[in-house]
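Text of the file upload_22.csv, holding CSV, C-alpha atoms:
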chain,number,residue,atom,x,y,z
A,282,ASP,CA,-208.8,98.7,-87.3
A,283,THR,CA,-206.8,98.0,-90.4
A,284,GLY,CA,-204.5,95.2,-91.6
A,285,ILE,CA,-206.6,92.5,-89.8
A,286,SER,CA,-205.1,89.1,-90.6
A,287,ASP,CA,-208.4,87.3,-89.8
A,288,TRP,CA,-209.7,89.0,-93.0
A,289,ASN,CA,-206.6,89.4,-95.1
A,290,LEU,CA,-205.1,86.0,-94.8
A,291,PRO,CA,-208.2,84.0,-95.9
A,292,TYR,CA,-208.6,86.3,-98.8
A,293,GLN,CA,-205.0,85.8,-99.7
A,294,THR,CA,-205.6,82.0,-99.7
A,295,ILE,CA,-208.7,82.6,-101.9
A,296,PHE,CA,-206.6,84.8,-104.3
A,297,TYR,CA,-204.0,82.0,-104.7
A,298,ALA,CA,-206.7,79.3,-105.1
A,299,ASN,CA,-208.3,81.4,-107.9
A,300,ILE,CA,-204.9,81.8,-109.6
A,301,VAL,CA,-204.5,78.0,-109.6
A,302,LEU,CA,-208.0,77.4,-110.9
A,303,GLU,CA,-207.6,79.9,-113.6
A,304,GLY,CA,-204.2,78.5,-114.6
A,305,LEU,CA,-205.5,75.0,-114.8
A,306,VAL,CA,-208.2,76.1,-117.3
A,307,LYS,CA,-205.4,77.2,-119.6
A,308,SER,CA,-203.1,74.2,-118.9
A,309,ASP,CA,-202.7,71.1,-121.0
A,310,SER,CA,-202.2,69.1,-117.8
A,311,ALA,CA,-205.6,70.1,-116.3
A,312,SER,CA,-207.0,66.6,-117.0
A,313,SER,CA,-204.0,64.8,-115.7
A,314,THR,CA,-204.0,63.1,-112.3
A,315,LYS,CA,-201.8,65.9,-110.9
A,316,GLY,CA,-204.0,68.6,-112.5
A,317,GLN,CA,-207.2,67.1,-111.1
A,318,TYR,CA,-205.6,66.9,-107.6
A,319,LEU,CA,-204.4,70.5,-107.8
A,320,LYS,CA,-207.9,71.6,-108.7
A,321,GLY,CA,-209.4,69.7,-105.8
A,322,TRP,CA,-206.8,71.2,-103.4
A,323,ALA,CA,-207.5,74.7,-104.7
A,324,LEU,CA,-211.3,74.2,-104.3
A,325,PHE,CA,-210.9,72.8,-100.8
A,326,SER,CA,-208.6,75.7,-99.7
A,327,ARG,CA,-211.0,78.3,-101.1
A,328,ALA,CA,-213.9,76.7,-99.3
A,329,PHE,CA,-212.0,76.5,-96.0
A,330,ALA,CA,-211.0,80.2,-96.3
A,331,PHE,CA,-214.6,81.3,-97.2
A,332,TYR,CA,-215.9,79.3,-94.2
A,333,ASN,CA,-213.4,80.8,-91.8
A,334,LEU,CA,-214.4,84.3,-92.9
A,335,THR,CA,-218.1,83.5,-92.2
A,336,ARG,CA,-217.2,82.2,-88.8
A,337,THR,CA,-215.6,85.5,-87.8
A,338,PHE,CA,-217.5,88.1,-89.8
A,339,CYS,CA,-221.1,86.7,-90.0
A,340,LYS,CA,-223.9,85.7,-87.7
A,341,ALA,CA,-224.5,82.1,-86.7
A,342,TYR,CA,-226.3,80.3,-89.6
A,343,ASP,CA,-230.0,80.4,-89.3
A,344,ALA,CA,-232.0,78.8,-92.1
A,345,ALA,CA,-234.9,81.2,-91.3
A,346,SER,CA,-232.9,84.3,-92.0
A,347,ALA,CA,-229.9,83.2,-94.1
A,348,ASN,CA,-231.4,84.6,-97.3
A,349,THR,CA,-231.2,88.1,-95.8
A,350,ASP,CA,-228.3,87.8,-93.3
A,351,LEU,CA,-225.0,89.3,-94.5
A,352,GLY,CA,-222.5,86.9,-95.8
A,353,ILE,CA,-219.0,87.7,-97.3
A,354,PRO,CA,-217.8,88.9,-100.7
A,355,LEU,CA,-217.4,85.8,-102.8
A,356,ARG,CA,-214.3,86.5,-104.9
A,357,LEU,CA,-214.2,83.8,-107.5
A,358,ALA,CA,-211.6,85.5,-109.8
A,359,SER,CA,-208.0,86.6,-109.1
A,360,ALA,CA,-208.3,90.0,-110.7
A,361,ILE,CA,-207.5,92.6,-108.1
A,362,ASP,CA,-210.2,94.9,-109.4
A,363,TYR,CA,-212.8,92.1,-109.1
A,364,LEU,CA,-214.9,93.8,-106.4
A,365,LYS,CA,-218.0,92.1,-105.1
A,366,PRO,CA,-220.6,93.2,-102.6
A,367,ARG,CA,-221.4,91.0,-99.7
A,368,ALA,CA,-223.4,87.9,-100.7
A,369,SER,CA,-226.2,86.7,-98.4
A,370,LEU,CA,-225.1,84.1,-95.8
A,371,LYS,CA,-227.1,81.5,-97.7
A,372,GLU,CA,-225.2,82.3,-100.9
A,373,SER,CA,-221.9,82.2,-99.0
A,374,TYR,CA,-222.6,78.7,-97.6
A,375,ASN,CA,-223.9,77.5,-101.0
A,376,GLN,CA,-220.5,78.5,-102.5
A,377,ILE,CA,-218.6,76.7,-99.8
A,378,PHE,CA,-220.6,73.5,-100.3
A,379,ALA,CA,-220.3,73.8,-104.1
A,380,ASP,CA,-216.5,74.0,-103.8
A,381,LEU,CA,-216.2,71.1,-101.3
A,382,ASN,CA,-218.6,68.9,-103.2
A,383,GLU,CA,-216.6,69.4,-106.4
A,384,SER,CA,-213.3,68.8,-104.6
A,385,LEU,CA,-214.6,65.4,-103.4
A,386,SER,CA,-214.5,64.0,-106.9
A,387,LEU,CA,-210.9,65.2,-107.4
A,388,LEU,CA,-209.1,64.5,-104.1
A,389,PRO,CA,-207.6,61.1,-103.1
A,390,SER,CA,-209.3,58.8,-100.6
A,391,GLU,CA,-206.1,58.1,-98.7
A,392,ARG,CA,-204.8,60.3,-95.9
A,393,PRO,CA,-201.4,61.8,-96.8
A,394,SER,CA,-198.6,59.9,-95.0
A,395,ALA,CA,-196.4,63.0,-94.3
A,396,ASN,CA,-197.6,66.2,-95.9
A,397,LEU,CA,-200.8,66.7,-93.8
A,398,ASN,CA,-201.3,70.2,-95.1
A,399,ARG,CA,-202.6,68.5,-98.3
A,400,PRO,CA,-206.3,67.7,-98.3
A,401,SER,CA,-208.0,64.4,-99.1
A,402,LYS,CA,-211.6,63.1,-99.4
A,403,ILE,CA,-211.4,62.5,-95.6
A,404,ALA,CA,-210.6,66.2,-95.0
A,405,ALA,CA,-213.4,67.3,-97.3
A,406,TYR,CA,-215.9,65.1,-95.5
A,407,ALA,CA,-214.6,66.2,-92.1
A,408,LEU,CA,-214.9,69.9,-93.1
A,409,LEU,CA,-218.5,69.3,-94.4
A,410,ALA,CA,-219.3,67.7,-91.1
A,411,ARG,CA,-217.9,70.7,-89.1
A,412,ILE,CA,-219.8,73.2,-91.3
A,413,SER,CA,-223.1,71.2,-91.1
A,414,LEU,CA,-222.8,71.1,-87.3
A,415,ASP,CA,-222.3,74.9,-87.3
A,416,MET,CA,-225.4,75.2,-89.4
A,417,ARG,CA,-227.3,73.0,-87.0
A,418,ASN,CA,-228.0,70.6,-89.8
A,419,TYR,CA,-227.4,67.6,-87.6
A,420,THR,CA,-228.5,65.0,-90.1
A,421,ALA,CA,-226.0,66.2,-92.6
A,422,ALA,CA,-223.3,66.5,-90.0
A,423,GLU,CA,-223.7,62.9,-88.9
A,424,LYS,CA,-223.7,61.7,-92.5
A,425,TYR,CA,-220.4,63.5,-93.3
A,426,ALA,CA,-218.8,62.5,-90.1
A,427,GLU,CA,-219.6,58.8,-90.8
A,428,GLN,CA,-218.2,59.2,-94.4
A,429,ALA,CA,-214.9,60.6,-93.0
A,430,LEU,CA,-214.6,58.0,-90.3
A,431,ALA,CA,-215.3,55.2,-92.8
A,432,LEU,CA,-212.1,56.3,-94.6
A,433,TYR,CA,-210.0,57.1,-91.5
A,434,SER,CA,-210.8,56.7,-87.8
A,435,LYS,CA,-207.5,56.4,-85.8
A,436,LEU,CA,-207.3,57.8,-82.3
A,437,ILE,CA,-204.3,58.4,-80.1
A,438,ASP,CA,-204.0,56.7,-76.7
A,439,TYR,CA,-203.0,59.6,-74.4
A,440,ASN,CA,-201.3,57.1,-72.1
A,441,VAL,CA,-198.4,57.1,-74.5
A,442,VAL,CA,-198.3,60.9,-75.0
A,443,SER,CA,-195.7,62.9,-73.0
A,444,GLN,CA,-197.2,64.7,-70.0
A,445,THR,CA,-194.1,66.9,-69.5
A,446,SER,CA,-193.2,68.1,-73.0
A,447,MET,CA,-194.4,71.5,-74.2
A,448,THR,CA,-195.0,70.0,-77.6
A,449,PRO,CA,-196.6,66.6,-76.8
A,450,PHE,CA,-197.9,66.1,-80.3
A,451,SER,CA,-196.2,65.9,-83.7
A,452,ARG,CA,-197.5,67.5,-86.8
A,453,THR,CA,-198.1,64.1,-88.2
A,454,ASN,CA,-199.8,62.4,-85.3
A,455,ASP,CA,-202.3,59.7,-86.0
A,456,GLU,CA,-205.4,61.8,-85.3
A,457,LEU,CA,-204.6,64.5,-87.9
A,458,ILE,CA,-206.6,64.6,-91.1
A,459,CYS,CA,-205.5,68.0,-92.3
A,460,ASN,CA,-203.0,70.2,-90.5
A,461,TYR,CA,-203.9,73.8,-90.7
A,462,GLY,CA,-203.1,76.6,-88.2
A,463,GLN,CA,-204.9,79.8,-87.4
A,464,TYR,CA,-202.6,82.8,-87.9
A,465,GLY,CA,-203.1,86.1,-86.1
A,466,ASN,CA,-201.1,89.1,-84.9
A,467,TYR,CA,-198.3,87.8,-82.8
A,468,SER,CA,-198.0,91.0,-80.8
A,469,TYR,CA,-201.7,91.0,-79.9
A,470,MET,CA,-201.5,87.4,-78.6
A,471,THR,CA,-198.5,88.0,-76.4
A,472,ALA,CA,-198.8,91.6,-75.5
A,473,ASN,CA,-199.0,91.0,-71.7
A,474,TYR,CA,-196.9,87.9,-71.6
A,475,VAL,CA,-193.9,89.6,-70.0
A,476,GLU,CA,-196.0,91.3,-67.3
A,477,ALA,CA,-197.8,88.1,-66.2
A,478,PRO,CA,-197.6,84.4,-67.1
A,479,ASP,CA,-200.1,82.8,-69.4
A,480,ARG,CA,-203.1,81.6,-67.4
A,481,VAL,CA,-205.9,79.3,-68.3
A,482,SER,CA,-209.4,79.9,-66.7
A,483,ALA,CA,-209.6,78.0,-63.4
A,484,LEU,CA,-213.2,77.2,-64.3
A,485,LEU,CA,-212.0,75.3,-67.4
A,486,ILE,CA,-209.3,73.4,-65.4
A,487,ALA,CA,-211.9,72.4,-62.8
A,488,LEU,CA,-213.8,70.5,-65.5
A,489,TYR,CA,-211.1,67.8,-65.8
A,490,ALA,CA,-211.1,64.8,-63.4
A,491,PRO,CA,-207.7,64.0,-61.7
A,492,SER,CA,-207.3,60.8,-63.9
A,493,ASP,CA,-208.1,62.7,-67.1
A,494,LEU,CA,-204.7,62.8,-69.0
A,495,ARG,CA,-205.8,65.8,-71.0
A,496,LEU,CA,-205.1,67.9,-67.8
A,497,LYS,CA,-201.4,67.2,-68.0
A,498,VAL,CA,-201.1,66.8,-71.8
A,499,PHE,CA,-202.9,70.1,-72.7
A,500,TYR,CA,-201.7,72.2,-69.7
A,501,GLY,CA,-198.7,72.9,-67.6
A,502,GLN,CA,-198.7,74.5,-64.1
A,503,ASN,CA,-197.2,77.9,-63.2
A,504,ALA,CA,-195.3,78.5,-59.9
A,505,ASP,CA,-198.4,80.1,-58.4
A,506,GLY,CA,-200.5,77.1,-59.0
A,507,SER,CA,-202.3,78.5,-62.1
A,508,PHE,CA,-202.2,76.7,-65.4
A,509,TYR,CA,-200.8,77.6,-68.8
A,510,LYS,CA,-201.6,76.0,-72.2
A,511,LYS,CA,-199.1,73.9,-74.0
A,512,ARG,CA,-198.8,73.5,-77.8
A,513,GLY,CA,-201.4,71.3,-79.4
A,514,TYR,CA,-201.9,69.3,-82.6
A,515,ASN,CA,-199.9,71.9,-84.5
A,516,GLY,CA,-196.7,70.4,-83.1
A,517,ASN,CA,-194.1,73.0,-82.2
A,518,GLY,CA,-195.9,75.7,-84.2
A,519,PHE,CA,-196.8,78.8,-82.1
A,520,TYR,CA,-200.2,79.3,-83.7
A,521,PRO,CA,-203.2,77.1,-82.6
A,522,PHE,CA,-204.3,74.1,-84.6
A,523,THR,CA,-207.5,74.8,-86.5
A,524,GLY,CA,-207.3,71.9,-88.9
A,525,LEU,CA,-209.2,68.7,-88.9
A,526,ALA,CA,-208.8,65.6,-86.7
A,527,THR,CA,-210.6,62.4,-85.9
A,528,ASP,CA,-211.4,63.3,-82.3
A,529,GLU,CA,-213.7,66.1,-83.5
A,530,LEU,CA,-215.5,63.6,-85.8
A,531,TYR,CA,-216.2,61.2,-82.9
A,532,LEU,CA,-217.7,64.1,-81.0
A,533,ILE,CA,-219.8,65.2,-83.9
A,534,LYS,CA,-221.1,61.7,-84.4
A,535,ALA,CA,-221.9,61.3,-80.7
A,536,GLU,CA,-223.7,64.7,-80.5
A,537,CYS,CA,-225.8,63.9,-83.6
A,538,LEU,CA,-226.7,60.5,-82.2
A,539,ALA,CA,-227.8,62.1,-78.9
A,540,ARG,CA,-229.9,64.7,-80.8
A,541,ARG,CA,-231.9,61.9,-82.5
A,542,ASN,CA,-232.4,60.1,-79.2
A,543,GLU,CA,-229.9,57.3,-79.8
A,544,THR,CA,-228.7,57.6,-76.2
A,545,LYS,CA,-226.8,54.4,-75.8
A,546,SER,CA,-225.1,54.7,-79.3
A,547,ALA,CA,-224.1,58.3,-78.5
A,548,MET,CA,-222.5,57.3,-75.2
A,549,ASP,CA,-220.7,54.3,-76.8
A,550,LYS,CA,-219.2,56.6,-79.4
A,551,LEU,CA,-218.2,59.1,-76.8
A,552,ASN,CA,-216.6,56.4,-74.6
A,553,GLN,CA,-214.6,55.2,-77.6
A,554,LEU,CA,-212.8,58.5,-77.4
A,555,LEU,CA,-212.7,58.9,-73.6
A,556,ALA,CA,-211.2,55.4,-73.0
A,557,LEU,CA,-208.1,56.7,-74.7
A,558,ARG,CA,-208.0,60.0,-72.7
A,559,PHE,CA,-207.9,58.6,-69.1
A,560,ASP,CA,-205.1,57.0,-67.1
A,561,LYS,CA,-205.1,53.3,-67.7
A,562,SER,CA,-203.4,52.6,-64.3
A,563,LYS,CA,-206.8,53.5,-62.9
A,564,THR,CA,-210.1,51.9,-63.9
A,565,PHE,CA,-211.8,53.9,-66.6
A,566,GLN,CA,-215.5,54.4,-65.8
A,567,PRO,CA,-217.5,54.8,-69.0
A,568,VAL,CA,-219.8,57.8,-69.0
A,569,ASN,CA,-223.5,56.9,-68.9
A,570,ALA,CA,-226.6,59.0,-69.6
A,571,SER,CA,-230.1,58.8,-68.2
A,572,SER,CA,-231.7,60.4,-71.2
A,573,SER,CA,-230.8,61.9,-74.6
A,574,ALA,CA,-230.8,65.3,-73.1
A,575,ASP,CA,-228.3,64.1,-70.4
A,576,ALA,CA,-226.2,62.5,-73.1
A,577,LEU,CA,-226.2,65.8,-75.1
A,578,THR,CA,-225.1,67.8,-72.0
A,579,LYS,CA,-222.2,65.4,-71.3
A,580,ILE,CA,-221.1,65.2,-75.0
A,581,LEU,CA,-221.0,69.0,-75.2
A,582,LEU,CA,-219.0,69.2,-72.0
A,583,GLU,CA,-216.4,66.7,-73.5
A,584,ARG,CA,-216.4,68.8,-76.7
A,585,ARG,CA,-215.4,71.8,-74.6
A,586,LYS,CA,-212.6,69.9,-72.8
A,587,GLU,CA,-211.3,68.1,-75.9
A,588,LEU,CA,-211.2,70.8,-78.6
A,589,VAL,CA,-209.4,73.5,-76.6
A,590,TRP,CA,-207.1,75.9,-78.5
A,591,ARG,CA,-208.7,75.0,-81.9
A,592,GLY,CA,-210.9,78.1,-82.5
A,593,MET,CA,-214.1,75.9,-82.0
A,594,ARG,CA,-215.6,77.3,-78.8
A,595,TRP,CA,-216.6,80.7,-80.2
A,596,ASN,CA,-218.7,79.1,-82.9
A,597,ASP,CA,-220.1,76.5,-80.5
A,598,LEU,CA,-221.3,79.4,-78.4
A,599,LYS,CA,-222.9,81.1,-81.4
A,600,ARG,CA,-224.8,77.9,-82.5
A,601,LEU,CA,-225.8,76.7,-79.0
A,602,ASN,CA,-227.1,80.1,-78.0
A,603,LYS,CA,-229.3,80.1,-81.1
A,604,GLU,CA,-230.8,77.0,-79.5
A,605,GLY,CA,-231.5,78.7,-76.2
A,606,ALA,CA,-228.4,77.6,-74.2
A,607,ASN,CA,-228.2,81.2,-72.8
A,608,ILE,CA,-224.5,81.1,-72.2
A,609,THR,CA,-223.2,84.5,-71.0
A,610,LEU,CA,-219.4,85.3,-71.1
A,611,SER,CA,-218.0,87.5,-68.4
A,612,ARG,CA,-214.3,88.5,-67.9
A,613,VAL,CA,-212.6,90.9,-65.5
A,614,LEU,CA,-209.8,93.0,-66.9
A,615,ASN,CA,-208.1,95.7,-64.9
A,616,GLY,CA,-210.9,95.7,-62.4
A,617,ILE,CA,-213.6,96.1,-65.0
A,618,THR,CA,-216.1,93.4,-65.7
A,619,TYR,CA,-217.0,92.9,-69.4
A,620,THR,CA,-220.0,90.8,-70.3
A,621,LEU,CA,-221.1,89.3,-73.6
A,622,PRO,CA,-224.8,88.2,-73.5
A,623,PRO,CA,-226.2,85.4,-75.7
A,624,ASN,CA,-226.8,86.2,-79.4
A,625,ASP,CA,-225.1,89.7,-78.9
A,626,SER,CA,-224.2,91.5,-82.1
A,627,ARG,CA,-220.6,91.6,-80.9
A,628,TYR,CA,-220.3,87.9,-81.6
A,629,VAL,CA,-219.8,89.1,-85.2
A,630,PHE,CA,-216.6,91.0,-85.7
A,631,PRO,CA,-216.5,94.3,-87.6
A,632,ILE,CA,-215.1,94.2,-91.2
A,633,PRO,CA,-211.7,96.0,-91.2
A,634,ASN,CA,-212.0,99.7,-91.8
A,635,ASP,CA,-209.6,99.7,-94.7
A,636,GLU,CA,-211.7,97.1,-96.5
A,637,ILE,CA,-214.8,99.2,-96.0
A,638,THR,CA,-213.0,102.3,-97.4
A,639,LEU,CA,-211.6,100.5,-100.4
A,640,SER,CA,-214.5,98.3,-101.4
A,641,GLY,CA,-217.5,100.1,-100.0
A,642,ILE,CA,-219.1,96.9,-98.7
A,643,GLU,CA,-221.6,97.0,-95.9
A,644,GLN,CA,-220.3,97.0,-92.3
A,645,ASN,CA,-221.6,94.7,-89.6
A,646,PRO,CA,-223.9,96.4,-87.1
A,647,ARG,CA,-222.6,96.8,-83.5

Encoding of this model in structure tokens:
Amino acid sequence: DTGISDWNLPYQTIFYANIVLEGLVKSDSASSTKGQYLKGWALFSRAFAFYNLTRTFCKAYDAASANTDLGIPLRLASAIDYLKPRASLKESYNQIFADLNESLSLLPSERPSANLNRPSKIAAYALLARISLDMRNYTAAEKYAEQALALYSKLIDYNVVSQTSMTPFSRTNDELICNYGQYGNYSYMTANYVEAPDRVSALLIALYAPSDLRLKVFYGQNADGSFYKKRGYNGNGFYPFTGLATDELYLIKAECLARRNETKSAMDKLNQLLALRFDKSKTFQPVNASSSADALTKILLERRKELVWRGMRWNDLKRLNKEGANITLSRVLNGITYTLPPNDSRYVFPIPNDEITLSGIEQNPR
């Protein structure tokens, strides 16, 4: 395929970020407060774009093989003839961390009050926590989640969120840290919408308890009894929210606590979130765990229910299957069953054909 936005749009972001960084080097205002902020913003944007490319076009991070696993071309200059081969996955992540760590010294500590597409130190720490979790570096993930939450930790009480609106959340809601959306080909995402209504997996719907407000806030019901997804933290935008929010940080913190056998603390952190997700007209029953393994199972289940439509599940499957979760995906389309086994090479998407032709970089094996 050609013209794949999952490849082109992140590199477009990287191109613009490089232009900004190169322009600041020549600018008299580079050392000004505004110049330093613009540099931090550009570094954060470049890091986020590099990371999103690794999620789609690279294997799950494995410290044992990252030196030889294929990463992405690290384009650090705006020149259109600046062609680079694919770096290793370790080199790719090193660049992402270098950009984010440099941005931390340049970005403000405060969450923007209105323009939430603008990053802050909170956003940089939150992104570092997400990336560290993907890398299965749970010590680092917990540290970064704590640093983000120390700066901003607000949660929304879903009891005051509309259960009937198609757009229950605003683009400036209290949980947002950085409002980014994932853009894709509109025609691909809606190709069969006219022929059949949007339907959410009945297996996913069955995970929610009747008093769980997320069931009505996240989903609506079709005339045939099936469920469709509403719009999420991206407000009235069509594309799914893939930015950063505090609920994800609570879940990262809880998971990391469970992984180091802090069972009670892990469940306390999880219940801080869940208490604001259940109907207060009914008595909320805190979730308990009999062991750290039980706690981890319950936290990962809540992660699946909470972070829907955010582009998170795919990478969770990649990292959890590396740890032996053995989750197999199976879907029936037009009477044919398609199966994706754990750790299958098809978890890594092929590089677009036009990129292979123009740059000569190595294609992913299938």

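With distances taken over all atoms listed in the file, A:Asn569 is the one residue among A:Ala556, A:Ser401, A:Arg411, A:Asn569 lying closest to Thr544 in chain A.
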
Original post:
Excluding same-chain residues fewer than 2 positions from Arg480 in chain A, what lies within 7 Å of it counting all atoms listed in the file, as a PyMOL selection string?
Top reply: chain A and resi 478+482+507-509

Just C-alpha atoms for this one: save the residues we selected as a JSON list (two decimals), in the coordinates of the input.
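Dumped to result-v4.json:
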[["chain", "number", "residue", "atom", "x", "y", "z"],
["A", 478, "PRO", "CA", -197.60, 84.40, -67.10],
["A", 482, "SER", "CA", -209.40, 79.90, -66.70],
["A", 507, "SER", "CA", -202.30, 78.50, -62.10],
["A", 508, "PHE", "CA", -202.20, 76.70, -65.40],
["A", 509, "TYR", "CA", -200.80, 77.60, -68.80]]

What are the nearest atom pairs, with distances in Å to one decimal, for all residues of range 537-601 of chain A that come at most 12 Å from range 453-461 of chain A, using only C-alpha atoms, set out by chain and rising residue number as JSON lines?
{"residue": "A:Leu554", "atom": "CA", "partner": "A:Glu456", "partner_atom": "CA", "distance": 11.3}
{"residue": "A:Arg591", "atom": "CA", "partner": "A:Tyr461", "partner_atom": "CA", "distance": 10.1}
{"residue": "A:Gly592", "atom": "CA", "partner": "A:Tyr461", "partner_atom": "CA", "distance": 11.6}

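Minimum distance to Leu588 in chain A across A:Tyr297, A:Phe522, A:Tyr332, A:Phe338 (counting only C-alpha atoms) occurs at A:Phe522.
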
Subject >> Top pick for closest residue to Ser312 in chain A, considering A:Leu387, A:Ile403, A:Val629, A:Leu432 and counting all atoms listed in the file >> reply: A:Leu387

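If you look at CA of Asp528 in chain A and CA of Phe630 in chain A, they are 28.4 Å away from each other.
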
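Closest to Lys315 in chain A among A:Pro389, A:Asn333, A:Thr609, A:Val481 is A:Pro389, based on all atoms listed in the file.
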
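When all atoms listed in the file are used to measure the gap to Phe565 in chain A, the shortest distance among A:Leu430, A:Ala360, A:Ala344, A:Leu494 belongs to A:Leu494.
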
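Distance annotation: of A:Met447, A:Leu530, A:Leu357, A:Leu525, the residue with the minimal separation from Gln428 in chain A is A:Leu530; atom set is all atoms listed in the file.
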
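The gap separating CA of Pro631 in chain A from CA of Arg585 in chain A is 26.0 Å, in Å to one decimal.
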
Subject >> Spatial neighbours of Val568 in chain A, 9 Å, all atoms listed in the file, chain gap at least 6 places, as a PyMOL selection string >> reply: chain A and resi 548-549+551-552+555+576+579

**OP:** For Ser373 in chain A, list every protein, DNA or RNA residue within 9 Å, evaluated using all atoms listed in the file, and leave out those in the same chain fewer than 2 positions away; present the list as number ranges by chain.
**Re:** A: 331-332, 335, 351-355, 367-371, 375-378

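In this model, the gap between CA of Leu409 in chain A and CA of Tyr425 in chain A comes to 6.2 Å.
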
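For range 499-501 of chain A, the list of residues within 7 Å, based on all atoms listed in the file and with local chain neighbours fewer than 3 positions off taken out, reads Arg495, Leu496, Phe508, Tyr509, Lys510, Lys511 and Gly513 of chain A.
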